[in-house]
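Here is the file model_24.pdb (PDB, C-alpha atoms and all ligand atoms).
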ATOM      1  CA  LEU O   8     -48.755  33.187  13.321
ATOM      2  CA  ALA O   9     -45.619  33.321  15.520
ATOM      3  CA  ASP O  10     -46.404  29.876  16.949
ATOM      4  CA  TYR O  11     -46.866  28.532  13.486
ATOM      5  CA  THR O  12     -43.443  29.845  12.372
ATOM      6  CA  ILE O  13     -41.737  28.316  15.425
ATOM      7  CA  GLU O  14     -43.395  25.006  14.672
ATOM      8  CA  GLU O  15     -42.300  25.204  11.025
ATOM      9  CA  ASN O  16     -38.710  25.941  12.035
ATOM     10  CA  ARG O  17     -38.725  23.035  14.423
ATOM     11  CA  ILE O  18     -39.961  20.681  11.733
ATOM     12  CA  ALA O  19     -37.294  21.940   9.322
ATOM     13  CA  GLU O  20     -34.636  21.433  12.007
ATOM     14  CA  LEU O  21     -35.873  17.889  12.702
ATOM     15  CA  ASP O  22     -35.810  17.168   9.000
ATOM     16  CA  ARG O  23     -32.209  18.367   8.750
ATOM     17  CA  LEU O  24     -31.286  16.141  11.695
ATOM     18  CA  ARG O  25     -33.026  13.174  10.134
ATOM     19  CA  THR O  26     -31.133  13.669   6.862
ATOM     20  CA  SER O  27     -27.815  13.977   8.624
ATOM     21  CA  TYR O  28     -28.499  10.847  10.762
ATOM     22  CA  ASN O  29     -29.398   8.959   7.611
ATOM     23  CA  LYS O  30     -26.125  10.021   5.997
ATOM     24  CA  MET O  31     -24.211   8.927   9.084
ATOM     25  CA  LEU O  32     -25.951   5.559   9.113
ATOM     26  CA  LEU O  33     -25.203   5.048   5.438
ATOM     27  CA  ARG O  34     -21.511   5.879   5.964
ATOM     28  CA  LEU O  35     -21.403   3.531   8.938
ATOM     29  CA  SER O  36     -22.975   0.657   7.043
ATOM     30  CA  GLU O  37     -20.623   1.280   4.095
ATOM     31  CA  SER O  38     -17.679   1.141   6.434
ATOM     32  CA  PHE O  39     -18.992  -2.122   7.988
ATOM     33  CA  GLU O  40     -19.390  -3.521   4.482
ATOM     34  CA  THR O  41     -15.803  -2.542   3.561
ATOM     35  CA  GLN O  42     -14.589  -4.138   6.772
ATOM     36  CA  ARG O  43     -16.604  -7.277   6.098
ATOM     37  CA  GLN O  44     -15.177  -7.564   2.588
ATOM     38  CA  PHE O  45     -11.657  -7.007   3.876
ATOM     39  CA  THR O  46     -12.012  -9.735   6.519
ATOM     40  CA  GLY O  47     -13.536 -12.131   3.974
ATOM     41  CA  ASN O  48     -10.726 -11.521   1.491
ATOM     42  CA  ALA O  49      -8.080 -11.817   4.190
ATOM     43  CA  ALA O  50      -9.538 -15.142   5.378
ATOM     44  CA  HIS O  51      -9.584 -16.411   1.812
ATOM     45  CA  GLU O  52      -5.967 -15.357   1.244
ATOM     46  CA  LEU O  53      -4.919 -17.101   4.470
ATOM     47  CA  ARG O  54      -6.852 -20.235   3.600
ATOM     48  CA  THR O  55      -5.124 -20.767   0.243
ATOM     49  CA  PRO O  56      -1.587 -21.417   1.554
ATOM     50  CA  LEU O  57      -3.022 -23.428   4.454
ATOM     51  CA  ALA O  58      -4.927 -25.668   2.033
ATOM     52  CA  LEU O  59      -1.794 -26.117  -0.098
ATOM     53  CA  ILE O  60       0.241 -27.106   2.957
ATOM     54  CA  GLN O  61      -2.464 -29.564   4.024
ATOM     55  CA  ALA O  62      -2.649 -31.111   0.539
ATOM     56  CA  GLN O  63       1.132 -31.513   0.385
ATOM     57  CA  LEU O  64       1.211 -33.123   3.847
ATOM     58  CA  ASP O  65      -1.637 -35.491   2.877
ATOM     59  CA  LEU O  66       0.337 -36.491  -0.206
ATOM     60  CA  TYR O  67       3.399 -37.084   1.934
ATOM     61  CA  HIS O  68       1.495 -39.326   4.344
ATOM     62  CA  THR O  69      -0.150 -41.385   1.604
ATOM     63  CA  THR O  70       3.088 -41.900  -0.336
ATOM     64  CA  GLU O  71       4.499 -45.347   0.151
ATOM     65  CA  HIS O  72       8.059 -44.254   0.920
ATOM     66  CA  PRO O  73       7.681 -40.658   1.905
ATOM     67  CA  GLU O  74      11.187 -40.515   3.300
ATOM     68  CA  SER O  75      12.523 -41.000  -0.249
ATOM     69  CA  THR O  76      14.461 -37.770  -0.769
ATOM     70  CA  ALA O  77      12.397 -36.488  -3.687
ATOM     71  CA  VAL O  78       9.039 -36.516  -1.851
ATOM     72  CA  ALA O  79      10.538 -35.266   1.397
ATOM     73  CA  GLU O  80      12.380 -32.440  -0.364
ATOM     74  CA  GLU O  81       9.331 -31.413  -2.333
ATOM     75  CA  THR O  82       7.261 -31.346   0.856
ATOM     76  CA  ILE O  83       9.791 -29.284   2.778
ATOM     77  CA  GLN O  84      10.185 -26.819  -0.078
ATOM     78  CA  MET O  85       6.462 -26.348  -0.579
ATOM     79  CA  VAL O  86       5.695 -26.042   3.144
ATOM     80  CA  THR O  87       8.536 -23.520   3.561
ATOM     81  CA  GLU O  88       7.306 -21.396   0.631
ATOM     82  CA  GLN O  89       3.706 -21.363   1.797
ATOM     83  CA  ASN O  90       4.766 -20.681   5.358
ATOM     84  CA  GLU O  91       6.728 -17.640   4.181
ATOM     85  CA  ARG O  92       3.665 -16.445   2.342
ATOM     86  CA  LEU O  93       1.500 -16.883   5.433
ATOM     87  CA  SER O  94       4.020 -15.019   7.592
ATOM     88  CA  LYS O  95       4.170 -12.149   5.112
ATOM     89  CA  LEU O  96       0.381 -11.915   5.003
ATOM     90  CA  VAL O  97      -0.011 -11.951   8.774
ATOM     91  CA  ARG O  98       2.760  -9.356   9.202
ATOM     92  CA  THR O  99       1.142  -7.026   6.658
ATOM     93  CA  LEU O 100      -2.314  -7.475   8.201
ATOM     94  CA  LEU O 101      -0.889  -6.602  11.628
ATOM     95  CA  ASP O 102       0.924  -3.566  10.216
ATOM     96  CA  MET O 103      -2.304  -2.371   8.617
ATOM     97  CA  SER O 104      -4.272  -2.772  11.821
ATOM     98  CA  GLU O 105      -1.696  -0.666  13.720
ATOM     99  CA  LEU O 106      -1.626   2.085  11.152
ATOM    100  CA  GLN O 107      -4.019   4.401  12.983
ATOM    101  CA  THR O 108      -2.236   4.250  16.302
ATOM    102  CA  VAL O 109       1.359   4.925  15.240
ATOM    103  CA  SER O 110       2.792   8.312  16.264
ATOM    104  CA  ARG O 111       3.064  10.783  13.397
ATOM    105  CA  ASN O 112       5.332  13.294  15.090
ATOM    106  CA  ASP O 113       8.709  12.136  13.839
ATOM    107  CA  ARG O 114      11.040  14.580  12.181
ATOM    108  CA  ILE O 115      11.965  12.836   8.953
ATOM    109  CA  GLU O 116      14.770  13.769   6.582
ATOM    110  CA  LEU O 117      13.520  12.456   3.267
ATOM    111  CA  HIS O 118      16.742  12.125   1.290
ATOM    112  CA  SER O 119      18.281   9.838   3.895
ATOM    113  CA  LEU O 120      15.031   7.879   4.217
ATOM    114  CA  ILE O 121      15.000   7.303   0.446
ATOM    115  CA  GLU O 122      18.647   6.248   0.600
ATOM    116  CA  GLU O 123      17.764   3.723   3.327
ATOM    117  CA  VAL O 124      14.880   2.279   1.280
ATOM    118  CA  LEU O 125      17.068   1.992  -1.825
ATOM    119  CA  THR O 126      19.871   0.314   0.111
ATOM    120  CA  ASP O 127      17.416  -2.204   1.595
ATOM    121  CA  LEU O 128      15.988  -2.982  -1.851
ATOM    122  CA  GLU O 129      19.327  -3.132  -3.695
ATOM    123  CA  PRO O 130      19.559  -6.956  -3.475
ATOM    124  CA  LEU O 131      16.112  -7.340  -5.082
ATOM    125  CA  ALA O 132      17.028  -4.784  -7.763
ATOM    126  CA  GLN O 133      20.231  -6.675  -8.558
ATOM    127  CA  GLU O 134      18.355  -9.952  -8.770
ATOM    128  CA  LYS O 135      15.851  -8.386 -11.217
ATOM    129  CA  LYS O 136      18.619  -6.492 -13.073
ATOM    130  CA  VAL O 137      16.999  -3.142 -12.400
ATOM    131  CA  GLU O 138      18.960   0.032 -11.691
ATOM    132  CA  LEU O 139      17.937   2.215  -8.734
ATOM    133  CA  ILE O 140      18.427   5.959  -9.135
ATOM    134  CA  GLN O 141      17.988   8.585  -6.439
ATOM    135  CA  LYS O 142      17.336  12.021  -7.839
ATOM    136  CA  SER O 143      17.512  14.296  -4.858
ATOM    137  CA  GLN O 144      17.473  17.726  -6.472
ATOM    138  CA  GLY O 145      14.471  19.625  -7.603
ATOM    139  CA  ALA O 146      14.896  22.580  -9.935
ATOM    140  CA  GLY O 147      17.086  25.103  -8.183
ATOM    141  CA  ALA O 148      17.673  22.951  -5.085
ATOM    142  CA  LYS O 149      21.131  22.006  -3.896
ATOM    143  CA  ALA O 150      22.081  18.329  -3.986
ATOM    144  CA  ASP O 151      22.882  18.155  -0.311
ATOM    145  CA  GLU O 152      19.946  20.242   0.884
ATOM    146  CA  GLU O 153      18.000  18.497   3.611
ATOM    147  CA  LEU O 154      14.282  17.997   3.162
ATOM    148  CA  PHE O 155      12.226  17.560   6.309
ATOM    149  CA  LEU O 156       8.711  16.336   6.946
ATOM    150  CA  THR O 157       6.689  15.696  10.100
ATOM    151  CA  GLY O 158       5.055  12.271  10.111
ATOM    152  CA  SER O 159       5.587   8.657  11.031
ATOM    153  CA  ASP O 160       9.019   7.513   9.917
ATOM    154  CA  ILE O 161       8.062   3.807  10.001
ATOM    155  CA  LEU O 162       4.981   4.441   7.869
ATOM    156  CA  ILE O 163       6.672   6.734   5.350
ATOM    157  CA  TYR O 164       9.466   4.157   5.099
ATOM    158  CA  ARG O 165       6.867   1.428   4.441
ATOM    159  CA  MET O 166       5.086   3.567   1.872
ATOM    160  CA  LEU O 167       8.281   4.244  -0.086
ATOM    161  CA  TYR O 168       9.454   0.670   0.328
ATOM    162  CA  ASN O 169       6.208  -0.697  -1.143
ATOM    163  CA  LEU O 170       6.257   1.728  -4.078
ATOM    164  CA  VAL O 171       9.901   1.038  -4.925
ATOM    165  CA  GLU O 172       9.477  -2.718  -4.432
ATOM    166  CA  ASN O 173       6.584  -2.704  -6.931
ATOM    167  CA  ALA O 174       8.559  -0.508  -9.327
ATOM    168  CA  ILE O 175      11.326  -3.140  -9.287
ATOM    169  CA  LYS O 176       9.013  -6.192  -9.407
ATOM    170  CA  TYR O 177       6.855  -4.954 -12.277
ATOM    171  CA  ASN O 178       9.784  -3.566 -14.267
ATOM    172  CA  ARG O 179      11.571  -5.071 -17.256
ATOM    173  CA  GLU O 180      15.057  -6.507 -17.324
ATOM    174  CA  ASN O 181      17.688  -3.743 -17.504
ATOM    175  CA  GLY O 182      15.029  -1.213 -16.581
ATOM    176  CA  SER O 183      15.382   1.461 -13.925
ATOM    177  CA  VAL O 184      13.558   3.003 -10.968
ATOM    178  CA  THR O 185      13.952   6.703 -10.188
ATOM    179  CA  VAL O 186      12.965   8.127  -6.815
ATOM    180  CA  SER O 187      12.863  11.817  -6.090
ATOM    181  CA  ALA O 188      11.715  14.154  -3.339
ATOM    182  CA  ILE O 189      11.367  17.876  -3.799
ATOM    183  CA  ARG O 190       9.753  20.669  -1.895
ATOM    184  CA  LYS O 191       7.068  22.838  -3.424
ATOM    185  CA  LYS O 192       5.896  25.588  -1.093
ATOM    186  CA  ASN O 193       4.629  23.856   2.043
ATOM    187  CA  GLU O 194       4.451  20.434   0.472
ATOM    188  CA  VAL O 195       6.866  17.712  -0.415
ATOM    189  CA  VAL O 196       6.401  15.850  -3.660
ATOM    190  CA  LEU O 197       7.718  12.291  -3.706
ATOM    191  CA  THR O 198       7.849  10.400  -6.978
ATOM    192  CA  VAL O 199       8.677   6.808  -7.810
ATOM    193  CA  SER O 200       8.988   6.134 -11.546
ATOM    194  CA  ASP O 201       9.672   2.872 -13.318
ATOM    195  CA  THR O 202      10.292   1.678 -16.851
ATOM    196  CA  GLY O 203       7.799  -1.228 -16.735
ATOM    197  CA  ASN O 204       4.814  -1.907 -18.967
ATOM    198  CA  GLY O 205       2.477   0.461 -17.155
ATOM    199  CA  ILE O 206      -0.939  -0.268 -15.667
ATOM    200  CA  ASP O 207      -4.058  -0.586 -17.774
ATOM    201  CA  GLU O 208      -6.195   2.556 -17.470
ATOM    202  CA  ALA O 209      -9.148   0.406 -16.338
ATOM    203  CA  PHE O 210      -7.280  -0.651 -13.162
ATOM    204  CA  ARG O 211      -5.869   2.709 -12.126
ATOM    205  CA  GLU O 212      -8.211   3.048  -9.127
ATOM    206  CA  GLN O 213      -8.582  -0.640  -8.341
ATOM    207  CA  ILE O 214      -4.880  -1.261  -7.739
ATOM    208  CA  PHE O 215      -5.279   0.524  -4.382
ATOM    209  CA  GLU O 216      -8.019  -1.873  -3.223
ATOM    210  CA  PRO O 217      -6.876  -4.512  -0.725
ATOM    211  CA  PHE O 218      -6.023  -7.835  -2.401
ATOM    212  CA  PHE O 219      -6.558  -6.512  -5.920
ATOM    213  CA  ARG O 220      -3.937  -7.652  -8.434
ATOM    214  CA  VAL O 221      -3.961  -7.083 -12.167
ATOM    215  CA  ASP O 222      -2.377 -10.476 -12.747
ATOM    216  CA  LYS O 223      -2.872 -12.676  -9.703
ATOM    217  CA  SER O 224      -0.473 -15.445 -10.663
ATOM    218  CA  ARG O 225       2.305 -13.015 -11.667
ATOM    219  CA  SER O 226       1.921 -11.131  -8.397
ATOM    220  CA  ARG O 227       1.975 -14.389  -6.426
ATOM    221  CA  GLU O 228       5.070 -15.570  -8.274
ATOM    222  CA  LEU O 229       6.766 -12.313  -7.360
ATOM    223  CA  GLY O 230       5.853 -12.838  -3.701
ATOM    224  CA  GLY O 231       3.068 -10.245  -3.560
ATOM    225  CA  VAL O 232       0.046 -10.494  -1.267
ATOM    226  CA  GLY O 233      -1.939  -7.666  -2.864
ATOM    227  CA  LEU O 234      -1.789  -5.314   0.132
ATOM    228  CA  GLY O 235       1.183  -3.144  -0.854
ATOM    229  CA  LEU O 236      -0.725  -0.316  -2.488
ATOM    230  CA  ALA O 237      -3.648  -0.533  -0.033
ATOM    231  CA  MET O 238      -1.081   0.130   2.681
ATOM    232  CA  VAL O 239       0.440   2.987   0.657
ATOM    233  CA  ARG O 240      -2.994   4.568   0.274
ATOM    234  CA  GLU O 241      -3.655   4.326   4.027
ATOM    235  CA  VAL O 242      -0.266   5.840   4.915
ATOM    236  CA  VAL O 243      -0.986   8.743   2.545
ATOM    237  CA  ARG O 244      -4.459   9.142   4.053
ATOM    238  CA  VAL O 245      -3.336   9.252   7.692
ATOM    239  CA  HIS O 246      -0.802  11.942   6.705
ATOM    240  CA  ASP O 247      -3.526  13.968   4.916
ATOM    241  CA  GLY O 248      -1.661  13.620   1.636
ATOM    242  CA  THR O 249      -2.659  12.761  -1.919
ATOM    243  CA  ILE O 250      -1.477  10.117  -4.366
ATOM    244  CA  GLU O 251      -1.639  10.134  -8.165
ATOM    245  CA  VAL O 252      -0.671   7.541 -10.744
ATOM    246  CA  TYR O 253       0.619   8.422 -14.180
ATOM    247  CA  THR O 254       0.969   5.370 -16.336
ATOM    248  CA  ASN O 255       1.808   4.548 -19.895
ATOM    249  CA  LYS O 256       2.384   1.259 -21.684
ATOM    250  CA  HIS O 257       5.601   2.537 -23.256
ATOM    251  CA  SER O 258       7.148   4.795 -20.670
ATOM    252  CA  GLY O 259       6.154   2.996 -17.446
ATOM    253  CA  THR O 260       4.456   4.169 -14.273
ATOM    254  CA  THR O 261       4.989   7.086 -11.907
ATOM    255  CA  PHE O 262       3.420   7.293  -8.454
ATOM    256  CA  GLU O 263       3.372  10.826  -7.061
ATOM    257  CA  VAL O 264       2.709  11.464  -3.376
ATOM    258  CA  LYS O 265       2.165  14.952  -1.982
ATOM    259  CA  MET O 266       2.226  15.687   1.737
ATOM    260  CA  GLY O 267       2.209  18.827   3.837
ATOM    261  CA  ILE O 268       5.591  19.296   5.524
ATOM    262  CA  GLY O 269       4.073  20.070   8.930
ATOM    263  CA  ALA O 270       3.691  23.321  10.854
ATOM    264  CA  ASP O 271       7.191  23.258  12.425
ATOM    265  CA  PHE O 272       8.917  23.333   9.071
ATOM    266  CA  GLU O 273       6.591  25.835   7.447
ATOM    267  CA  LYS O 274       8.039  28.489   9.752
ATOM    268  CA  ALA O 275      11.576  27.577   8.807
ATOM    269  CA  VAL O 276      11.228  28.493   5.098
TER     270      VAL O 276
HETATM  271  P1  LIG T   1       1.141  -6.957  -4.994
HETATM  272  O1  LIG T   1       1.453  -7.608  -3.718
HETATM  273  O2  LIG T   1       0.411  -7.823  -5.955
HETATM  274  O3  LIG T   1       2.334  -6.287  -5.615
HETATM  275  P2  LIG T   1       0.071  -4.262  -4.612
HETATM  276  O4  LIG T   1      -1.099  -3.821  -3.799
HETATM  277  O5  LIG T   1       1.402  -3.725  -4.232
HETATM  278  O6  LIG T   1       0.051  -5.842  -4.597
HETATM  279  O7  LIG T   1      -0.219  -3.872  -6.124
HETATM  280  C1  LIG T   1      -1.466  -4.220  -6.703
HETATM  281  C2  LIG T   1      -1.288  -4.519  -8.189
HETATM  282  O8  LIG T   1      -0.981  -3.311  -8.898
HETATM  283  C3  LIG T   1      -0.138  -5.458  -8.516
HETATM  284  O9  LIG T   1      -0.542  -6.794  -8.421
HETATM  285  C4  LIG T   1       0.216  -5.052  -9.946
HETATM  286  O10 LIG T   1      -0.649  -5.726 -10.840
HETATM  287  C5  LIG T   1      -0.118  -3.575  -9.998
HETATM  288  N1  LIG T   1       1.078  -2.705  -9.847
HETATM  289  C6  LIG T   1       1.520  -2.115  -8.711
HETATM  290  N2  LIG T   1       2.605  -1.366  -8.929
HETATM  291  C7  LIG T   1       2.876  -1.457 -10.247
HETATM  292  C8  LIG T   1       3.879  -0.902 -11.104
HETATM  293  N3  LIG T   1       4.829  -0.084 -10.648
HETATM  294  N4  LIG T   1       3.827  -1.235 -12.432
HETATM  295  C9  LIG T   1       2.865  -2.056 -12.910
HETATM  296  N5  LIG T   1       1.893  -2.612 -12.160
HETATM  297  C10 LIG T   1       1.895  -2.320 -10.837
END
Translate this file's structure into structure tokens.
Amino acid sequence: LADYTIEENRIAELDRLRTSYNKMLLRLSESFETQRQFTGNAAHELRTPLALIQAQLDLYHTTEHPESTAVAEETIQMVTEQNERLSKLVRTLLDMSELQTVSRNDRIELHSLIEEVLTDLEPLAQEKKVELIQKSQGAGAKADEELFLTGSDILIYRMLYNLVENAIKYNRENGSVTVSAIRKKNEVVLTVSDTGNGIDEAFREQIFEPFFRVDKSRSRELGGVGLGLAMVREVVRVHDGTIEVYTNKHSGTTFEVKMGIGADFEKAV
């Protein structure tokens, strides 16, 4: 009987192993599939501007007097625009591929980081006639109180930059963007709110997928490559944080990011 029980236990153990290997394999193949889709989409996105450049150059070469200012100017303008788009895409793809390896041990003061992001985006906000507001106090907090976080300063900068850039781009004329950072226990809560037209409920999850855009031509016109929120999601993930979207057709969209402040600062409460 003892032998039989040992044998039974061994079979049960093998069965558990088999199930867990199967799960691992499934996760692995899902991750390969995600990677494959990402590469396919990236190649497609790179091919579009390249094809446009090629078509414009072909037109230039088949035009009888290509040096005539109109054709030459059109060609230069179009090639410059598409080249900018290509550069932006390649830069973002490189940034995304380096995401995992960047150090996340920087001591970041959030209010000054927000100020930096808002200063860098002020020209875009002025162009779009959107007001940028930094709300640095939470309930009961002093205006000049510093708010620290341990993480990657380049990545947190990029995350905020992308969220604020979207909040400006998808806003309305004379709208506003409000950014705030407050501390709640051992977490910081960062919010970026806009006064745009909101995001359709059906796309609330999809907007974080690489290359997904609710309105492709509008996004392209605004200079988007569809990787902004995918990058934001990855930055949140590598910092073990969470991100939520609250959106309404009338009152606009709020992105809320929560991140642990890091062990060093927990002690200093
Ligand atoms: P894009 O380069 O197109 O801006 P993102 O990944 O940053 O790409 O965003 C994906 C899509 O989500 C955008 O194309 C847009 O349709 C939608 N979106 C993002 N932020 C906002 C916002 N604040 N308000 C409305 N729509 C937004």
Worksheet entry | Site check for ligand LIG 1 (chain T): residues at most 8 Å away, only C-alpha atoms and all ligand atoms, as a ChimeraX atom specification | /O:169-171,173-178,200-201,203-206,214-223,225-227,229-238,259-262
Worksheet item: If the PyMOL selection byres (((chain O and resi 113) around 6) and not hetatm) is run on the structure shown, which residues does it catch, given as a PyMOL selection string?
Response: chain O and resi 111-112+114-115+157-159
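The space between CA of Leu131 (chain O) and CA of Phe155 (chain O) spans 27.7 Å.
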Do a neighbour search on region 60-65 of chain O at 8 Å with only C-alpha atoms, toss out local chain neighbours closer than 5 positions, and write the hits as a PDB file with C-alpha atoms, in the coordinates of the input.
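Saved as around-v3.pdb:
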ATOM      1  CA  THR O  82       7.261 -31.346   0.856  1.00  0.00           C
ATOM      2  CA  MET O  85       6.462 -26.348  -0.579  1.00  0.00           C
ATOM      3  CA  VAL O  86       5.695 -26.042   3.144  1.00  0.00           C
ATOM      4  CA  GLN O  89       3.706 -21.363   1.797  1.00  0.00           C
TER       5      GLN O  89
END
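The space between CA of Thr46 (chain O) and CA of Asp160 (chain O) spans 27.4 Å.
Comparing the minimum interatomic distances between Thr99 (chain O) and each of O:Val186, O:Leu156, O:Ala49, O:Met31, counting all atoms listed in the file, we find that O:Ala49 sits nearest.
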Start from the incomplete input, build N, CA, C and O atoms for region 231-247 of chain O, and deliver everything as a PDB file, in the coordinates of the input.
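The resulting result17.pdb:
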ATOM      1  N   GLY O 231       3.995 -11.288  -4.013  1.00  0.00           N
ATOM      2  CA  GLY O 231       3.068 -10.245  -3.560  1.00  0.00           C
ATOM      3  C   GLY O 231       1.840 -10.814  -2.855  1.00  0.00           C
ATOM      4  O   GLY O 231       1.423 -11.929  -3.153  1.00  0.00           O
ATOM      5  N   VAL O 232       1.281 -10.051  -1.916  1.00  0.00           N
ATOM      6  CA  VAL O 232       0.046 -10.494  -1.267  1.00  0.00           C
ATOM      7  C   VAL O 232      -1.123  -9.551  -1.596  1.00  0.00           C
ATOM      8  O   VAL O 232      -2.223  -9.715  -1.099  1.00  0.00           O
ATOM      9  N   GLY O 233      -0.855  -8.550  -2.425  1.00  0.00           N
ATOM     10  CA  GLY O 233      -1.939  -7.666  -2.864  1.00  0.00           C
ATOM     11  C   GLY O 233      -2.333  -6.604  -1.854  1.00  0.00           C
ATOM     12  O   GLY O 233      -3.405  -6.013  -1.948  1.00  0.00           O
ATOM     13  N   LEU O 234      -1.452  -6.331  -0.879  1.00  0.00           N
ATOM     14  CA  LEU O 234      -1.789  -5.314   0.132  1.00  0.00           C
ATOM     15  C   LEU O 234      -0.854  -4.105   0.077  1.00  0.00           C
ATOM     16  O   LEU O 234      -1.049  -3.136   0.801  1.00  0.00           O
ATOM     17  N   GLY O 235       0.163  -4.200  -0.805  1.00  0.00           N
ATOM     18  CA  GLY O 235       1.183  -3.144  -0.854  1.00  0.00           C
ATOM     19  C   GLY O 235       0.599  -1.763  -1.100  1.00  0.00           C
ATOM     20  O   GLY O 235       0.854  -0.830  -0.338  1.00  0.00           O
ATOM     21  N   LEU O 236      -0.203  -1.638  -2.144  1.00  0.00           N
ATOM     22  CA  LEU O 236      -0.725  -0.316  -2.488  1.00  0.00           C
ATOM     23  C   LEU O 236      -1.867   0.103  -1.568  1.00  0.00           C
ATOM     24  O   LEU O 236      -2.089   1.293  -1.353  1.00  0.00           O
ATOM     25  N   ALA O 237      -2.597  -0.870  -1.004  1.00  0.00           N
ATOM     26  CA  ALA O 237      -3.648  -0.533  -0.033  1.00  0.00           C
ATOM     27  C   ALA O 237      -2.989   0.120   1.180  1.00  0.00           C
ATOM     28  O   ALA O 237      -3.484   1.110   1.733  1.00  0.00           O
ATOM     29  N   MET O 238      -1.847  -0.422   1.559  1.00  0.00           N
ATOM     30  CA  MET O 238      -1.081   0.130   2.681  1.00  0.00           C
ATOM     31  C   MET O 238      -0.576   1.537   2.333  1.00  0.00           C
ATOM     32  O   MET O 238      -0.679   2.458   3.137  1.00  0.00           O
ATOM     33  N   VAL O 239      -0.046   1.679   1.105  1.00  0.00           N
ATOM     34  CA  VAL O 239       0.440   2.987   0.657  1.00  0.00           C
ATOM     35  C   VAL O 239      -0.693   4.017   0.749  1.00  0.00           C
ATOM     36  O   VAL O 239      -0.518   5.113   1.291  1.00  0.00           O
ATOM     37  N   ARG O 240      -1.867   3.636   0.267  1.00  0.00           N
ATOM     38  CA  ARG O 240      -2.994   4.568   0.274  1.00  0.00           C
ATOM     39  C   ARG O 240      -3.357   4.984   1.706  1.00  0.00           C
ATOM     40  O   ARG O 240      -3.655   6.149   1.977  1.00  0.00           O
ATOM     41  N   GLU O 241      -3.324   4.025   2.633  1.00  0.00           N
ATOM     42  CA  GLU O 241      -3.655   4.326   4.027  1.00  0.00           C
ATOM     43  C   GLU O 241      -2.608   5.251   4.650  1.00  0.00           C
ATOM     44  O   GLU O 241      -2.954   6.174   5.387  1.00  0.00           O
ATOM     45  N   VAL O 242      -1.325   4.991   4.357  1.00  0.00           N
ATOM     46  CA  VAL O 242      -0.266   5.840   4.915  1.00  0.00           C
ATOM     47  C   VAL O 242      -0.449   7.281   4.411  1.00  0.00           C
ATOM     48  O   VAL O 242      -0.353   8.240   5.174  1.00  0.00           O
ATOM     49  N   VAL O 243      -0.764   7.411   3.116  1.00  0.00           N
ATOM     50  CA  VAL O 243      -0.986   8.743   2.545  1.00  0.00           C
ATOM     51  C   VAL O 243      -2.189   9.394   3.246  1.00  0.00           C
ATOM     52  O   VAL O 243      -2.147  10.555   3.641  1.00  0.00           O
ATOM     53  N   ARG O 244      -3.232   8.604   3.456  1.00  0.00           N
ATOM     54  CA  ARG O 244      -4.459   9.142   4.053  1.00  0.00           C
ATOM     55  C   ARG O 244      -4.225   9.635   5.492  1.00  0.00           C
ATOM     56  O   ARG O 244      -4.620  10.744   5.831  1.00  0.00           O
ATOM     57  N   VAL O 245      -3.539   8.811   6.307  1.00  0.00           N
ATOM     58  CA  VAL O 245      -3.336   9.252   7.692  1.00  0.00           C
ATOM     59  C   VAL O 245      -2.402  10.463   7.782  1.00  0.00           C
ATOM     60  O   VAL O 245      -2.375  11.143   8.799  1.00  0.00           O
ATOM     61  N   HIS O 246      -1.653  10.746   6.712  1.00  0.00           N
ATOM     62  CA  HIS O 246      -0.802  11.942   6.705  1.00  0.00           C
ATOM     63  C   HIS O 246      -1.469  13.095   5.945  1.00  0.00           C
ATOM     64  O   HIS O 246      -0.801  14.087   5.619  1.00  0.00           O
ATOM     65  N   ASP O 247      -2.770  12.935   5.647  1.00  0.00           N
ATOM     66  CA  ASP O 247      -3.526  13.968   4.916  1.00  0.00           C
ATOM     67  C   ASP O 247      -2.895  14.332   3.579  1.00  0.00           C
ATOM     68  O   ASP O 247      -2.904  15.494   3.176  1.00  0.00           O
TER      69      ASP O 247
END
